[in-house]
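Peer 1: Please see the structure below; I have some questions.
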Amino acid sequence: MTGPWDMEHLMTIKLVSLLISFSILLAPSVSLSGGFELLSRSLFQGIPREAVIAGDNIVLASGGALAVIGDPSDPGAFRLVPLDGQPYDIEAKGAVVYAAAWGKGLVTVDLADPANPVAYNSFSMPRITHCCACGDLLVVADIGKGVVTFDISDPLNPAPTPFEGIKARPVSLLSNDETVVIVESGGAAVYSPGKGGALDLQSRVEAKDGKGNSFLYRDVLYLNAGGGTFARYDISDPSSPLKLDPLPVSGAAALAFSGDRGLALTDGGKIIPFGLPCEGGGKGTGGAGGNRGSGGDDGAGGSHGTAAPGDPLRADYGRIGADESPAPKRTLFDRITGRNKTRFFPGSSIAMSESRLVCLDGKEGFWIYSLHGNAASCTGKVAAKGYAFDLAASDGYVYLANGGDGLRVGKVDETGSIEWIGHLQTTMARDVALAGDVLYLADGVDGLKTVDVKDPENPRMLGSSASPFFLSAVVAEGGMAFIAGGLGGTEIVDCSDPGNPRLVWREKFSEVRGIFADREYFYFSDGFKGFKIYAHGGAAPRLVSSTATPGWNCDLFAAGGLLYMAIGGDGLAVADIGDVSKPALLGSVSIGSIAREIHAAGATVFVASQTNGINAIDVSDPRNPVIAAHHQSVGDGRGVFADGRFVYLASGPGGLYIFRYSVK
């Protein structure tokens, strides 16, 4: 329901995230008396990070998981490999993939059976950023630890070496079979593997500009020089790099290689082939840095979905650019965020092999193409644009507000496994509320939507109500939708006729993130000003009370004469509202992170937090709430819901978690 990720806070949240990411270390000691049993995790979410092509497998990294496409005859299927961190970088070595999973560490994934990939053997490195393989050495970069190495002579069992490491924070970490290159903002350092896993410095290459990805293919270093240019160096003699002519492509943003050819993705929207400096030369056969392609596979590309005439890649990849079909109608969200200003190739980086091309699109996911000579045909797309914000559950179905991916509907069986059966594309789905067969959806800048979910497999839009606010939370009561509008305020919309929602009240407040309603009152968080209680049902809502609270009040839930509040970095607070005109604060507990949303179920309050996953708070003594259980999640804990069977957590890039909770 809540959270400061609205567009008004995009800059602020970056700083807050960095500060809060360390707060878990300061979390209070607790006596755990309950437990979360994780039953399932699902959804391949944004932001697309990386792709590698390993033999017949395409491996995609995004959100909190990998997607493995292994069967060219079934382009609609991929296997999800959930990770306990966000895969910032991946490296393939035969049938093994290594993932640098931010928030977790180094993860080894066995692809011997692509239909059943297995992730295991993690090394705790919460601030890992890069990894690459050089022969039997895996080189890993971690903020704080620097660049360290692992022995992978047994690929499935990386072993830390005694090498003390190198103090560096790479922009790119590159390798071939005999050389490792650490690229920082000031240039590149070239190393050769030494004894005991050491990296022995051979030479340095200076660069004044360029902070984007650089690339290494065979023995040629493509050093990002900024402004869409790449300087090239022959490093076949690591001690004496030889400067070559620069890359003959202007405006290049990313490169990919396979065999004796290279492709450049330009910032102007084209994919352009270019010749390699030494055709067939060089000693190594390693991949191309941040977007590596191993080459040599001969299967057709697989994907989630099939190509349509409007797909944005044209057949002649020598001149691939924007699709010439009419541009889609721009929504209000597009206009505010600048999306679809011009028609352009939707890519940020690429990976290739002899017969496949994968293009990463930061807004949509991964486009996959089959290459035939100088022709490219789109075989489909693996969507990765969702961000799990919030949800509701009823009668065995889950309704997920999944950000730019819109509304997702899933059917949950008795084991907690979920099958995603329905989808409705909306602008920026932030929260949902159910009232019978009608679902209310807070759709960011696109206002309130009413949706018919009588047939959950086919959700159908009924009506909408525009708003000047960014709508991020909604609850339903008595045919009315009570809505939180962020820095705008709050509003009430009459939905007694779901096909024609009608605004009945709108008011500006400080910062309304969370909202709750019962038959007589509605309650809403007012940021740093605390919370307010209004009576509804008359000609206009009437203010009953306004109460200051510590911290940033961003969500609330009323039950049994008590009001439970998520108060940002101060955790959970409880107030007595037996007399709604005079609320009295009772007790509170810190959870070591920003408390975003809460859901009360009996004597337990479940709290979704920014960096600390989900917490269960025992509120049997409201003056002394106690953390009873905790489960860490990937990404950003945004929404939580309990339906009597299970507890659900919407965790941003980590997708949806389903738990069984028990009190011990």
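Identifiers in this document derive from the order of the structure tokens: chains are assigned A, B, ..., residues are numbered from 1 separately in each chain, and ligands are numbered from 1 in order of occurrence.
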For Ser62 (chain A), find every residue with an atom within 6 Å (counting only C-alpha atoms), except residues of its own chain fewer than 5 positions away, and show them as a PyMOL selection string.

Peer 2: chain A and resi 46-49

Peer 1: Okay, now the selection with all heavy atoms, as a CSV table (one decimal), in the first residue's frame?

Peer 2:
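So part_26.csv came out as:
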```csv
chain,number,residue,atom,x,y,z
A,46,GLY,N,11.9,-6.9,-13.2
A,46,GLY,CA,12.9,-6.0,-13.6
A,46,GLY,C,13.8,-5.6,-12.4
A,46,GLY,O,13.5,-5.9,-11.3
A,47,ILE,N,15.0,-5.0,-12.6
A,47,ILE,CA,15.5,-4.4,-13.9
A,47,ILE,C,16.4,-5.4,-14.6
A,47,ILE,O,17.3,-6.0,-13.9
A,47,ILE,CB,16.2,-3.1,-13.5
A,47,ILE,CG1,15.3,-2.2,-12.7
A,47,ILE,CG2,16.8,-2.5,-14.7
A,47,ILE,CD1,16.1,-1.0,-12.1
A,48,PRO,N,16.3,-5.5,-15.9
A,48,PRO,CA,17.3,-6.4,-16.6
A,48,PRO,C,18.7,-6.0,-16.3
A,48,PRO,O,19.1,-4.9,-16.5
A,48,PRO,CB,16.9,-6.2,-18.1
A,48,PRO,CG,15.5,-5.8,-18.0
A,48,PRO,CD,15.3,-4.9,-16.8
A,49,ARG,N,19.5,-7.0,-15.9
A,49,ARG,CA,20.9,-6.7,-15.6
A,49,ARG,C,21.9,-7.3,-16.6
A,49,ARG,O,22.9,-6.7,-16.9
A,49,ARG,CB,21.2,-7.3,-14.2
A,49,ARG,CG,20.4,-6.8,-13.1
A,49,ARG,CD,20.8,-5.4,-12.7
A,49,ARG,NE,20.1,-4.9,-11.5
A,49,ARG,CZ,20.3,-3.7,-11.0
A,49,ARG,NH1,21.1,-2.9,-11.6
A,49,ARG,NH2,19.6,-3.4,-9.9
```

Peer 1: Show which residues sit within 7 Å of Leu247 (chain A), as a ChimeraX atom specification. Count only C-alpha atoms, and ignore same-chain residues fewer than 3 positions away.

Peer 2: /A:229-232

Peer 1: From a DSSP pass on the backbone, collect the residues of region 100-285 of chain A flagged as strand (DSSP E) and hand them back as JSON, numbers by chain.

Peer 2: {"A": [100, 101, 102, 105, 106, 107, 108, 109, 110, 118, 119, 120, 121, 122, 123, 124, 128, 129, 130, 131, 132, 133, 134, 137, 138, 139, 140, 141, 142, 146, 147, 148, 149, 150, 151, 159, 160, 172, 173, 174, 175, 180, 181, 182, 183, 184, 187, 188, 189, 190, 191, 192, 193, 199, 200, 201, 202, 203, 204, 205, 206, 215, 216, 217, 220, 221, 222, 223, 224, 225, 226, 229, 230, 231, 232, 233, 234, 242, 243, 244, 252, 253, 254, 255, 256, 257, 258, 261, 262, 263, 264, 265, 266, 271, 272, 273, 274]}

Peer 1: So that I can check the surroundings of Ile58 (chain A), please list as an NGL selection string every protein, DNA and RNA residue that reaches within 6 Å of it, counting only C-alpha atoms and ignoring chain neighbours fewer than 2 positions away.

Peer 2: :A and (53 or 68-69)

Peer 1: For each of A:Cys495, A:Leu138, A:Leu216, A:Ile591, take the minimum atom-to-atom distance to Tyr98 (chain A), counting only C-alpha atoms, then give the residue where this is smallest.

Peer 2: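 Result for the nearest residue to Tyr98 (chain A): A:Leu138.
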
Peer 1: Rank nothing, just name the residue among A:Ala92, A:Leu43, A:Leu487, A:Ala168 nearest to Tyr657 (chain A), using only C-alpha atoms.

Peer 2: A:Leu43

Peer 1: Tell me which of A:Glu354, A:Asp446, A:Asp395, A:Asp576 sits closest to Phe257 (chain A), counting only C-alpha atoms.

Peer 2: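 For Phe257 (chain A), the nearest of the candidates is A:Glu354.
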
Peer 1: Would you please work out which residue, of A:Leu360, A:Ile421, A:Met352, A:Val504, is nearest to Ala384 (chain A) when using only C-alpha atoms?

Peer 2: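 Smallest distance to Ala384 (chain A) is found for A:Leu360.
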
Peer 1: Which residue is closest to Arg79 (chain A)? Choose from A:Gly644, A:Val382, A:Val183, A:Glu178 and count only C-alpha atoms.

Peer 2: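 Looking only at the distances to Arg79 (chain A), the closest residue turns out to be A:Val382.
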
Peer 1: Which residues come within 9 Å of Lys93 (chain A), counting only C-alpha atoms, excluding same-chain residues fewer than 3 positions away, as number ranges by chain?

Peer 2: A: 54, 96-98, 133, 155

Peer 1: Given the choices A:Ile90, A:Val663, A:Leu60, A:Ile350, which gets closest to Ile128 (chain A) if the distance is worked out from only C-alpha atoms?

Peer 2: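 Checking each of A:Ile90, A:Val663, A:Leu60, A:Ile350 against Ile128 (chain A), counting only C-alpha atoms, the winner is A:Ile90.
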
Peer 1: Using only C-alpha atoms, determine which residues lie at most 7 Å from Gly416 (chain A), disregarding the query and same-chain residues fewer than 4 positions distant; provide the list as a list of chain:residue names.

Peer 2: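 Listing them by chain and then by number gives A:Leu39, A:Ser40, A:Val412, A:Ile658.
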
Peer 1: Could you write out that same residue set with N, CA, C and O atoms as a PDB file, in the first residue's frame?

Peer 2:
```pdb
ATOM      1  N   LEU A  39       7.119 -21.085   1.163  1.00  0.00           N
ATOM      2  CA  LEU A  39       6.490 -22.114   0.334  1.00  0.00           C
ATOM      3  C   LEU A  39       6.799 -21.942  -1.144  1.00  0.00           C
ATOM      4  O   LEU A  39       6.965 -22.923  -1.867  1.00  0.00           O
ATOM      5  N   SER A  40       6.862 -20.703  -1.602  1.00  0.00           N
ATOM      6  CA  SER A  40       7.163 -20.479  -3.014  1.00  0.00           C
ATOM      7  C   SER A  40       7.610 -19.045  -3.247  1.00  0.00           C
ATOM      8  O   SER A  40       7.311 -18.145  -2.453  1.00  0.00           O
ATOM      9  N   VAL A 412      -3.508 -19.959  -6.142  1.00  0.00           N
ATOM     10  CA  VAL A 412      -2.641 -20.559  -5.131  1.00  0.00           C
ATOM     11  C   VAL A 412      -3.271 -21.851  -4.628  1.00  0.00           C
ATOM     12  O   VAL A 412      -4.418 -21.857  -4.181  1.00  0.00           O
ATOM     13  N   ILE A 658       5.422 -16.447  -0.812  1.00  0.00           N
ATOM     14  CA  ILE A 658       4.276 -17.005  -0.094  1.00  0.00           C
ATOM     15  C   ILE A 658       4.814 -17.832   1.075  1.00  0.00           C
ATOM     16  O   ILE A 658       5.651 -18.720   0.886  1.00  0.00           O
TER      17      ILE A 658
END
```
